[in-house]
>>> print(open('upload_9.cif').read())   # mmCIF, C-alpha atoms
data_upload
#
loop_
_atom_site.label_atom_id
_atom_site.label_comp_id
_atom_site.auth_asym_id
_atom_site.auth_seq_id
_atom_site.Cartn_x
_atom_site.Cartn_y
_atom_site.Cartn_z
CA MET T 1 31.47 -4.06 -76.71
CA THR T 2 31.08 -2.87 -80.27
CA ILE T 3 31.17 -5.32 -83.09
CA PRO T 4 32.69 -4.09 -86.37
CA ASP T 5 30.32 -3.98 -89.33
CA HIS T 6 32.01 -6.75 -91.32
CA SER T 7 31.75 -9.12 -88.34
CA LYS T 8 28.12 -8.12 -87.81
CA GLN T 9 27.41 -8.90 -91.46
CA LYS T 10 28.91 -12.37 -91.08
CA ILE T 11 26.72 -13.07 -88.06
CA GLU T 12 23.59 -11.75 -89.74
CA ALA T 13 24.31 -13.73 -92.94
CA TYR T 14 24.55 -16.90 -90.81
CA LEU T 15 21.33 -16.12 -88.95
CA THR T 16 19.49 -15.29 -92.18
CA LYS T 17 20.45 -18.69 -93.61
CA LEU T 18 19.37 -20.40 -90.41
CA ARG T 19 16.04 -18.54 -90.39
CA ALA T 20 15.33 -19.72 -93.94
CA GLN T 21 15.96 -23.36 -92.94
CA LEU T 22 13.82 -23.42 -89.80
CA ARG T 23 10.73 -24.90 -91.38
CA GLY T 24 7.90 -25.99 -89.21
CA PHE T 25 8.41 -23.38 -86.51
CA ASN T 26 6.11 -20.40 -86.22
CA ASP T 27 7.38 -16.84 -86.66
CA GLN T 28 7.70 -16.24 -82.94
CA GLN T 29 9.67 -19.44 -82.39
CA VAL T 30 12.02 -18.60 -85.27
CA ALA T 31 12.52 -15.07 -83.93
CA GLU T 32 13.36 -16.47 -80.47
CA ILE T 33 15.82 -19.03 -81.83
CA VAL T 34 17.59 -16.39 -83.91
CA ALA T 35 17.67 -13.87 -81.05
CA GLU T 36 19.07 -16.48 -78.67
CA LEU T 37 21.86 -17.44 -81.05
CA ARG T 38 22.68 -13.79 -81.73
CA SER T 39 22.96 -13.30 -77.98
CA HIS T 40 25.20 -16.41 -77.74
CA VAL T 41 27.57 -15.12 -80.45
CA THR T 42 27.70 -11.65 -78.87
CA ASP T 43 28.53 -13.11 -75.46
CA LYS T 44 31.23 -15.35 -76.86
CA LEU T 45 32.81 -12.42 -78.71
CA ALA T 46 32.79 -10.41 -75.48
CA ILE T 47 34.62 -13.24 -73.70
CA SER T 48 37.21 -13.66 -76.41
CA GLY T 49 38.45 -10.04 -76.20
CA ASP T 50 37.84 -6.53 -77.38
CA ALA T 51 38.38 -6.92 -81.12
CA ALA T 52 35.69 -8.97 -82.79
CA THR T 53 37.71 -10.04 -85.80
CA PRO T 54 36.12 -11.99 -88.67
CA ALA T 55 38.32 -14.96 -87.69
CA GLN T 56 36.84 -14.95 -84.18
CA VAL T 57 33.33 -14.74 -85.58
CA ASP T 58 34.11 -17.64 -87.92
CA ALA T 59 35.39 -19.77 -85.04
CA ILE T 60 32.22 -19.12 -83.00
CA LEU T 61 29.94 -19.90 -85.93
CA VAL T 62 31.89 -23.07 -86.79
CA ALA T 63 31.39 -24.24 -83.18
CA LEU T 64 27.62 -23.91 -83.71
CA GLY T 65 27.75 -25.94 -86.94
CA THR T 66 26.56 -24.82 -90.37
CA PRO T 67 23.09 -23.19 -90.51
CA GLU T 68 21.80 -26.38 -92.18
CA GLU T 69 23.22 -28.64 -89.45
CA LEU T 70 21.86 -26.43 -86.71
CA ALA T 71 18.42 -26.22 -88.36
CA ASN T 72 18.48 -30.02 -88.72
CA GLN T 73 19.06 -30.37 -85.01
CA TYR T 74 16.20 -28.02 -84.17
CA ILE T 75 13.90 -29.93 -86.54
CA THR T 76 14.85 -33.42 -85.28
CA ASP T 77 14.59 -32.27 -81.66
CA ASN T 78 11.21 -30.77 -82.42
CA LEU T 79 10.16 -34.07 -84.02
CA LEU T 80 11.22 -36.00 -80.92
CA ALA T 81 9.43 -33.54 -78.63
CA ARG T 82 6.24 -33.73 -80.71
CA ALA T 83 6.44 -37.52 -80.76
CA GLU T 84 6.50 -37.60 -76.95
CA VAL T 85 3.21 -35.73 -76.92
CA SER T 86 1.51 -37.48 -79.85
CA ARG T 87 2.60 -40.34 -82.07
CA SER T 88 0.10 -39.53 -84.77
CA PRO T 89 1.60 -40.54 -88.15
CA LEU T 90 0.43 -37.20 -89.58
CA ARG T 91 2.43 -35.21 -87.05
CA ILE T 92 5.46 -37.43 -87.54
CA LEU T 93 5.24 -37.14 -91.34
CA ASP T 94 4.80 -33.39 -91.08
CA SER T 95 8.11 -33.11 -89.18
CA LEU T 96 9.81 -35.63 -91.46
CA PHE T 97 8.92 -33.53 -94.52
CA ARG T 98 10.83 -30.64 -92.98
CA TRP T 99 13.78 -32.79 -92.06
CA ALA T 100 13.83 -34.31 -95.57
CA SER T 101 14.01 -30.88 -97.16
CA LEU T 102 17.27 -30.28 -95.31
CA SER T 103 19.26 -33.47 -95.36
CA VAL T 104 19.79 -36.69 -97.26
CA ALA T 105 19.36 -38.66 -94.02
CA GLY T 106 15.97 -37.01 -93.49
CA PHE T 107 14.98 -37.72 -97.08
CA PHE T 108 15.59 -41.46 -96.73
CA VAL T 109 13.78 -41.60 -93.40
CA LEU T 110 10.82 -39.80 -94.99
CA ILE T 111 10.66 -42.16 -98.00
CA SER T 112 10.82 -45.26 -95.77
CA SER T 113 8.20 -43.83 -93.42
CA VAL T 114 5.81 -42.91 -96.23
CA LEU T 115 6.10 -46.49 -97.57
CA GLY T 116 5.67 -47.97 -94.10
CA TYR T 117 2.57 -45.90 -93.31
CA PHE T 118 1.16 -46.46 -96.80
CA PHE T 119 1.33 -50.26 -96.60
CA GLY T 120 0.12 -50.17 -93.01
CA ALA T 121 -2.91 -48.15 -94.11
CA VAL T 122 -3.55 -50.50 -97.06
CA PHE T 123 -3.59 -53.56 -94.77
CA ILE T 124 -6.02 -51.90 -92.39
CA LEU T 125 -8.22 -50.53 -95.17
CA VAL T 126 -8.55 -53.91 -96.92
CA ALA T 127 -9.43 -55.52 -93.57
CA ILE T 128 -12.14 -52.92 -92.98
CA LEU T 129 -13.57 -53.23 -96.51
CA LYS T 130 -13.68 -57.04 -96.53
CA PRO T 131 -17.10 -57.28 -94.80
CA PHE T 132 -18.53 -54.83 -97.36
CA HIS T 133 -17.03 -56.61 -100.37
CA PRO T 134 -16.65 -60.22 -99.17
CA GLN T 135 -16.15 -61.67 -102.68
CA THR T 136 -13.60 -59.21 -104.02
CA ALA T 137 -11.65 -57.45 -101.23
CA GLY T 138 -8.47 -59.12 -99.98
CA LEU T 139 -4.96 -60.12 -100.85
CA TRP T 140 -5.15 -61.68 -104.30
CA LEU T 141 -2.72 -63.75 -106.30
CA LEU T 142 -3.16 -62.70 -109.93
CA HIS T 143 -1.31 -63.21 -113.17
CA ASP T 144 -0.06 -60.30 -115.24
CA SER T 145 -0.19 -60.12 -119.06
CA THR T 146 2.96 -62.28 -119.38
CA GLY T 147 1.51 -64.88 -117.04
CA ASP T 148 3.84 -64.09 -114.11
CA PRO T 149 2.21 -64.26 -110.69
CA GLU T 150 1.70 -60.98 -108.82
CA PHE T 151 0.20 -60.09 -105.47
CA SER T 152 -2.50 -57.47 -105.35
CA PHE T 153 -4.31 -55.80 -102.48
CA ARG T 154 -7.88 -55.31 -103.63
CA MET T 155 -10.27 -52.96 -101.92
CA GLY T 156 -13.18 -54.80 -103.54
CA PHE T 157 -14.36 -52.06 -105.87
CA GLY T 158 -15.01 -53.24 -109.41
CA SER T 159 -15.55 -56.77 -110.65
CA MET T 160 -13.93 -59.94 -109.42
CA PRO T 161 -10.63 -60.68 -111.22
CA ALA T 162 -11.11 -63.38 -113.85
CA ASP T 163 -7.90 -65.20 -113.16
CA GLY T 164 -6.90 -65.05 -109.56
CA ARG T 165 -7.27 -66.37 -106.07
CA ASP T 166 -8.14 -64.65 -102.79
CA LEU T 167 -5.25 -65.90 -100.65
CA LEU T 168 -6.44 -65.17 -97.14
CA GLY T 169 -10.23 -65.08 -97.35
CA TRP T 170 -11.75 -63.83 -94.10
CA TRP T 171 -8.35 -64.13 -92.39
CA ILE T 172 -7.52 -60.77 -94.01
CA VAL T 173 -9.66 -59.07 -91.32
CA PRO T 174 -7.65 -60.03 -88.21
CA LEU T 175 -4.35 -60.41 -90.06
CA GLY T 176 -4.74 -57.14 -91.97
CA ILE T 177 -5.55 -55.14 -88.84
CA LEU T 178 -2.71 -56.79 -86.95
CA ALA T 179 -0.15 -56.38 -89.74
CA GLY T 180 -1.32 -52.81 -90.46
CA CYS T 181 -1.06 -51.70 -86.83
CA ALA T 182 2.33 -53.43 -86.50
CA LEU T 183 3.63 -51.68 -89.62
CA VAL T 184 2.43 -48.25 -88.46
CA THR T 185 3.99 -48.75 -85.01
CA LEU T 186 7.22 -50.09 -86.47
CA THR T 187 7.44 -47.17 -88.91
CA THR T 188 6.95 -44.60 -86.15
CA ARG T 189 9.55 -46.27 -83.95
CA SER T 190 12.07 -46.53 -86.77
CA ALA T 191 11.63 -42.87 -87.71
CA LEU T 192 12.14 -41.76 -84.10
CA TRP T 193 15.12 -44.08 -83.73
CA CYS T 194 16.70 -42.55 -86.85
CA ALA T 195 16.06 -39.03 -85.55
CA ARG T 196 17.69 -39.93 -82.22
CA GLN T 197 20.69 -41.49 -83.94
CA TYR T 198 21.01 -38.43 -86.15
CA ARG T 199 21.06 -36.00 -83.29
CA LYS T 200 23.37 -38.21 -81.25
CA SER T 201 25.81 -38.31 -84.14
CA ARG T 202 26.03 -34.53 -83.89
CA ALA T 203 26.07 -34.18 -80.13
CA LEU T 204 29.81 -33.79 -79.74
CA PRO T 205 32.20 -31.39 -81.44
CA PRO T 206 34.11 -32.96 -84.32
CA THR T 207 37.46 -34.32 -83.14
CA MET X 208 54.18 -50.29 -71.76
CA LYS X 209 52.79 -52.14 -74.72
CA PRO X 210 51.45 -49.73 -77.40
CA ARG X 211 47.69 -50.06 -77.88
CA ASP X 212 46.18 -51.39 -81.04
CA PRO X 213 44.58 -48.33 -82.85
CA ALA X 214 41.35 -50.30 -83.50
CA GLU X 215 41.08 -51.13 -79.79
CA GLN X 216 41.68 -47.50 -78.88
CA GLU X 217 39.04 -46.39 -81.37
CA ALA X 218 36.47 -48.81 -79.96
CA ALA X 219 37.18 -47.51 -76.43
CA ASP X 220 36.84 -43.89 -77.60
CA LYS X 221 33.54 -44.62 -79.36
CA TRP X 222 32.16 -46.21 -76.23
CA GLU X 223 33.13 -43.18 -74.17
CA VAL X 224 31.48 -40.84 -76.68
CA GLN X 225 28.23 -42.85 -76.58
CA LEU X 226 28.29 -42.82 -72.80
CA ARG X 227 28.63 -39.05 -72.64
CA LYS X 228 25.96 -38.41 -75.25
CA GLY X 229 23.44 -40.43 -73.28
CA CYS X 230 23.86 -38.19 -70.25
CA LEU X 231 23.29 -34.81 -71.88
CA GLU X 232 19.63 -34.33 -71.00
CA LEU X 233 20.17 -35.25 -67.37
CA ALA X 234 23.27 -33.03 -67.24
CA ILE X 235 21.27 -30.02 -68.44
CA LEU X 236 18.50 -30.63 -65.89
CA ALA X 237 21.20 -30.94 -63.21
CA ALA X 238 22.94 -27.74 -64.35
CA LEU X 239 19.64 -25.86 -63.88
CA TRP X 240 18.95 -27.36 -60.45
CA GLU X 241 20.39 -24.42 -58.50
CA GLY X 242 18.61 -21.74 -60.50
CA LYS X 243 18.12 -20.14 -63.87
CA LEU X 244 20.95 -19.95 -66.39
CA TYR X 245 21.27 -18.83 -70.01
CA GLY X 246 22.58 -21.06 -72.80
CA LEU X 247 26.25 -20.13 -72.61
CA GLU X 248 26.25 -20.48 -68.81
CA ILE X 249 24.77 -23.96 -69.15
CA LEU X 250 27.52 -24.87 -71.62
CA ARG X 251 30.18 -23.51 -69.24
CA ARG X 252 28.63 -25.39 -66.30
CA LEU X 253 28.69 -28.64 -68.27
CA GLU X 254 32.31 -28.10 -69.20
CA SER X 255 33.53 -27.10 -65.75
CA ASP X 256 31.54 -29.51 -63.57
CA SER X 257 31.71 -32.55 -65.81
CA ASP X 258 33.72 -33.99 -68.63
CA LEU X 259 30.79 -33.37 -70.92
CA ILE X 260 32.27 -31.32 -73.70
CA VAL X 261 29.30 -30.93 -75.97
CA SER X 262 28.83 -29.32 -79.32
CA GLU X 263 27.36 -25.85 -78.83
CA GLY X 264 24.98 -26.48 -81.70
CA THR X 265 23.42 -29.36 -79.76
CA VAL X 266 22.59 -27.61 -76.52
CA TYR X 267 20.32 -24.90 -77.94
CA PRO X 268 18.04 -27.26 -79.90
CA LEU X 269 17.93 -29.58 -76.89
CA LEU X 270 16.88 -26.68 -74.64
CA SER X 271 14.17 -25.88 -77.15
CA ARG X 272 12.99 -29.52 -76.96
CA LEU X 273 13.02 -29.53 -73.15
CA LYS X 274 10.93 -26.38 -73.31
CA SER X 275 8.34 -27.93 -75.66
CA LEU X 276 8.15 -30.89 -73.30
CA GLY X 277 7.40 -28.51 -70.44
CA LEU X 278 10.51 -29.50 -68.48
CA VAL X 279 12.00 -26.00 -68.58
CA ARG X 280 10.58 -22.53 -69.08
CA SER X 281 12.38 -19.53 -70.46
CA GLU X 282 12.38 -15.78 -70.08
CA TRP X 283 14.30 -12.94 -71.67
CA VAL X 284 16.30 -10.80 -69.28
CA GLU X 285 18.14 -7.59 -70.18
CA SER X 286 21.84 -7.96 -69.36
CA ASP X 287 24.53 -5.49 -68.33
CA ALA X 288 26.27 -6.40 -71.57
CA GLY X 289 23.59 -4.45 -73.42
CA HIS X 290 21.64 -7.29 -75.02
CA PRO X 291 18.91 -9.57 -73.71
CA ARG X 292 19.68 -13.16 -72.74
CA LYS X 293 17.31 -16.09 -72.71
CA TYR X 294 17.32 -17.69 -69.26
CA TYR X 295 16.08 -21.20 -68.60
CA ALA X 296 14.67 -22.53 -65.34
CA LEU X 297 13.28 -25.92 -64.38
CA THR X 298 9.51 -26.30 -64.17
CA SER X 299 8.03 -28.61 -61.55
CA ALA X 300 7.78 -31.31 -64.24
CA GLY X 301 11.46 -30.73 -65.03
CA LYS X 302 12.41 -31.11 -61.38
CA GLN X 303 10.38 -34.29 -61.18
CA ARG X 304 12.04 -35.70 -64.30
CA GLY X 305 15.48 -34.67 -62.99
CA ARG X 306 14.86 -36.46 -59.68
CA GLU X 307 13.66 -39.60 -61.46
CA MET X 308 16.63 -39.65 -63.82
CA ALA X 309 19.10 -38.97 -60.99
CA GLY X 310 17.55 -41.82 -58.98
CA MET X 311 17.88 -44.20 -61.93
CA TRP X 312 21.44 -43.04 -62.46
CA ALA X 313 22.36 -43.60 -58.80
CA ARG X 314 20.88 -47.11 -58.75
CA PHE X 315 22.52 -48.02 -62.01
CA SER X 316 25.94 -46.64 -61.13
CA SER X 317 26.02 -48.24 -57.66
CA SER X 318 25.23 -51.67 -59.12
CA MET X 319 27.82 -51.11 -61.84
CA ASP X 320 30.36 -50.04 -59.19
CA LYS X 321 29.87 -53.35 -57.38
CA LEU X 322 30.28 -55.27 -60.59
CA LEU X 323 33.32 -53.27 -61.62
CA ALA X 324 35.11 -53.35 -58.25
CA PRO X 325 37.35 -56.34 -59.14
CA LEU X 326 38.37 -54.68 -62.42
CA VAL X 327 39.25 -51.41 -60.72
CA ARG X 328 41.21 -53.15 -57.92
CA GLY X 329 43.09 -55.32 -60.37
CA LYS X 330 44.37 -52.50 -62.58
#
>>> encode(input="upload_9.cif", output="structure tokens")
Amino acid sequence: MTIPDHSKQKIEAYLTKLRAQLRGFNDQQVAEIVAELRSHVTDKLAISGDAATPAQVDAILVALGTPEELANQYITDNLLARAEVSRSPLRILDSLFRWASLSVAGFFVLISSVLGYFFGAVFILVAILKPFHPQTAGLWLLHDSTGDPEFSFRMGFGSMPADGRDLLGWWIVPLGILAGCALVTLTTRSALWCARQYRKSRALPPT
Amino acid sequence: MKPRDPAEQEAADKWEVQLRKGCLELAILAALWEGKLYGLEILRRLESDSDLIVSEGTVYPLLSRLKSLGLVRSEWVESDAGHPRKYYALTSAGKQRGREMAGMWARFSSSMDKLLAPLVRGK
């Protein structure tokens, strides 16, 4: 069947927007995704009759979701697929950055994950550095300029704080490694859970 | 018949939606069991052979995920309609996963059937 120019333009405008949003996929993957969806729209137009009116094109594109929604689904699915192969925080964060650039949900998951991984890494790092700086590394209770107490993770570089107390002593080594690993695992699981919930929430057509 | 409380109806609908969503991956593997299909055919198969009416925008990304997991492979085939179509077929890993999931499903549903028998009889 032949598709009138104005309908073709609508389809191509949709696919161009989608292409721009598909971050994290290589050129060949993007080309395949776009070609597959173009083929889908063409087939659906052929089924719906001989005149590919703009209204028909609109209905088909609405059924696919907006380009942003569709790109979000590709990105979250890609994140879940990558996570099944490797749960490396770097890979997870890499996918989360892409998701965050497209949706508010992704943005919040990214911020929480960055914080989770950061504190996890701090715990582990302090535990590792404790044997090298036994007097200064650890979780310290200090007092700020107004005299209020504050907790501080110290890597042990620099001098010993004048007014403060190392709260855990050598316990920071096992506890830090344990807490750090738990935080990293928890962060990864939470991020994947959020991605699954997100894609589930879009699995059915709106009623 | 007593009219249903809208909140009760909504809770029942939500449960049904969750139930269907959970089955999508297995449904796609099952749809491909007999041979290769392209995206729109998979959608049609899901609609005709099951009550799984899924959003079209969900199936394509999910197929892409199944492909990255090595459960399906794809190839482009020229069609009579004048444009190429992307066909999906199960890999041996996909068949294996499908069998495992179907086995789990069968065990789960038969034990649920036993448990639910009094409720069904008493309706």
>>> residues_around(input="upload_9.cif", residues="T:Leu141", least_positions_apart="3", cutoff="7 Å", atoms="all atoms listed in the file", output="number ranges by chain")
T: 149-152, 164-167
>>> resolve_selection(input="upload_9.cif", expression="the PyMOL selection byres ((chain X and resi 233) around 10)", output="list in words")
Gly229, Cys230, Leu231, Glu232, Ala234, Ile235, Leu236, Ala237, Ala238, Arg304, Gly305, Arg306, Glu307, Met308, Ala309 and Trp312 of chain X
>>> atom_distance(input="upload_9.cif", atom1="atom CA of T:Ser101", atom2="atom CA of X:Gly264")
19.5 Å
>>> interface_residues(input="upload_9.cif", of="chain X", to="chain T", cutoff="10 Å", atoms="all atoms listed in the file", output="PyMOL selection string")
chain X and resi 224-225+227-229+231+245-248+259-277+283+288-294
>>> write_last_selection(input="upload_9.cif", atoms="C-alpha atoms", output="tab-separated table (two decimals), in the coordinates of the input")
chain	number	residue	atom	x	y	z
X	224	VAL	CA	31.48	-40.84	-76.68
X	225	GLN	CA	28.23	-42.85	-76.58
X	227	ARG	CA	28.63	-39.05	-72.64
X	228	LYS	CA	25.96	-38.41	-75.25
X	229	GLY	CA	23.44	-40.43	-73.28
X	231	LEU	CA	23.29	-34.81	-71.88
X	245	TYR	CA	21.27	-18.83	-70.01
X	246	GLY	CA	22.58	-21.06	-72.80
X	247	LEU	CA	26.25	-20.13	-72.61
X	248	GLU	CA	26.25	-20.48	-68.81
X	259	LEU	CA	30.79	-33.37	-70.92
X	260	ILE	CA	32.27	-31.32	-73.70
X	261	VAL	CA	29.30	-30.93	-75.97
X	262	SER	CA	28.83	-29.32	-79.32
X	263	GLU	CA	27.36	-25.85	-78.83
X	264	GLY	CA	24.98	-26.48	-81.70
X	265	THR	CA	23.42	-29.36	-79.76
X	266	VAL	CA	22.59	-27.61	-76.52
X	267	TYR	CA	20.32	-24.90	-77.94
X	268	PRO	CA	18.04	-27.26	-79.90
X	269	LEU	CA	17.93	-29.58	-76.89
X	270	LEU	CA	16.88	-26.68	-74.64
X	271	SER	CA	14.17	-25.88	-77.15
X	272	ARG	CA	12.99	-29.52	-76.96
X	273	LEU	CA	13.02	-29.53	-73.15
X	274	LYS	CA	10.93	-26.38	-73.31
X	275	SER	CA	8.34	-27.93	-75.66
X	276	LEU	CA	8.15	-30.89	-73.30
X	277	GLY	CA	7.40	-28.51	-70.44
X	283	TRP	CA	14.30	-12.94	-71.67
X	288	ALA	CA	26.27	-6.40	-71.57
X	289	GLY	CA	23.59	-4.45	-73.42
X	290	HIS	CA	21.64	-7.29	-75.02
X	291	PRO	CA	18.91	-9.57	-73.71
X	292	ARG	CA	19.68	-13.16	-72.74
X	293	LYS	CA	17.31	-16.09	-72.71
X	294	TYR	CA	17.32	-17.69	-69.26
>>> atom_distance(input="upload_9.cif", atom1="atom CA of X:Arg251", atom2="atom CA of T:Ala59")
17.1 Å
>>> atom_distance(input="upload_9.cif", atom1="atom CA of X:Ala296", atom2="atom CA of T:Arg19")
25.4 Å
>>> residues_around(input="upload_9.cif", residues="T:Val122", least_positions_apart="3", cutoff="9 Å", atoms="all atoms listed in the file", output="PyMOL selection string")
chain T and resi 117-119+125-127+153+155+176+180
>>> residues_around(input="upload_9.cif", residues="T:Cys181", least_positions_apart="5", cutoff="9 Å", atoms="only C-alpha atoms", output="MDAnalysis selection string")
chainID T and resid 120:121 123:124 176 186
>>> write_last_selection(input="upload_9.cif", atoms="C-alpha atoms", output="PDB file, keeping the file's coordinate frame")
ATOM      1  CA  GLY T 120       0.120 -50.170 -93.010  1.00  0.00           C
ATOM      2  CA  ALA T 121      -2.910 -48.150 -94.110  1.00  0.00           C
ATOM      3  CA  PHE T 123      -3.590 -53.560 -94.770  1.00  0.00           C
ATOM      4  CA  ILE T 124      -6.020 -51.900 -92.390  1.00  0.00           C
ATOM      5  CA  GLY T 176      -4.740 -57.140 -91.970  1.00  0.00           C
ATOM      6  CA  LEU T 186       7.220 -50.090 -86.470  1.00  0.00           C
TER       7      LEU T 186
END
>>> resolve_selection(input="upload_9.cif", expression="the PyMOL selection byres ((chain T and resi 92-99) around 8)", output="list in words")
Arg23, Gly24, Asn72, Ile75, Thr76, Asn78, Leu79, Arg82, Ala83, Arg87, Ser88, Pro89, Leu90, Arg91, Ala100, Ser101, Leu102, Ser103, Gly106, Phe107, Val109, Leu110, Ser113, Val114 and Thr188 of chain T
>>> build_atoms(input="upload_9.cif", residues="stretch 233-249 of chain X", atoms="N, CA and C atoms", output="CSV table (one decimal), in the frame of the given file")
chain,number,residue,atom,x,y,z
X,233,LEU,N,20.1,-35.3,-68.8
X,233,LEU,CA,20.2,-35.2,-67.4
X,233,LEU,C,21.2,-34.2,-66.9
X,234,ALA,N,22.3,-34.0,-67.6
X,234,ALA,CA,23.3,-33.0,-67.2
X,234,ALA,C,22.7,-31.6,-67.3
X,235,ILE,N,21.9,-31.4,-68.3
X,235,ILE,CA,21.3,-30.0,-68.4
X,235,ILE,C,20.3,-29.8,-67.3
X,236,LEU,N,19.5,-30.8,-67.0
X,236,LEU,CA,18.5,-30.6,-65.9
X,236,LEU,C,19.3,-30.4,-64.6
X,237,ALA,N,20.4,-31.1,-64.4
X,237,ALA,CA,21.2,-30.9,-63.2
X,237,ALA,C,21.8,-29.6,-63.2
X,238,ALA,N,22.3,-29.1,-64.3
X,238,ALA,CA,22.9,-27.7,-64.4
X,238,ALA,C,21.9,-26.7,-63.9
X,239,LEU,N,20.7,-26.9,-64.2
X,239,LEU,CA,19.6,-25.9,-63.9
X,239,LEU,C,19.1,-26.0,-62.5
X,240,TRP,N,19.6,-27.0,-61.7
X,240,TRP,CA,19.0,-27.4,-60.4
X,240,TRP,C,19.0,-26.2,-59.5
X,241,GLU,N,20.2,-25.5,-59.5
X,241,GLU,CA,20.4,-24.4,-58.5
X,241,GLU,C,19.7,-23.1,-58.9
X,242,GLY,N,19.3,-23.0,-60.1
X,242,GLY,CA,18.6,-21.7,-60.5
X,242,GLY,C,18.7,-21.5,-62.0
X,243,LYS,N,18.2,-20.4,-62.4
X,243,LYS,CA,18.1,-20.1,-63.9
X,243,LYS,C,19.5,-19.8,-64.4
X,244,LEU,N,19.7,-20.2,-65.7
X,244,LEU,CA,21.0,-20.0,-66.4
X,244,LEU,C,20.6,-19.7,-67.9
X,245,TYR,N,21.5,-19.0,-68.6
X,245,TYR,CA,21.3,-18.8,-70.0
X,245,TYR,C,22.2,-19.8,-70.7
X,246,GLY,N,21.9,-20.0,-72.0
X,246,GLY,CA,22.6,-21.1,-72.8
X,246,GLY,C,24.1,-21.2,-72.6
X,247,LEU,N,24.8,-20.1,-72.7
X,247,LEU,CA,26.2,-20.1,-72.6
X,247,LEU,C,26.7,-20.5,-71.2
X,248,GLU,N,25.9,-20.1,-70.2
X,248,GLU,CA,26.2,-20.5,-68.8
X,248,GLU,C,26.0,-22.0,-68.6
X,249,ILE,N,25.0,-22.5,-69.3
X,249,ILE,CA,24.8,-24.0,-69.2
X,249,ILE,C,25.9,-24.7,-69.8
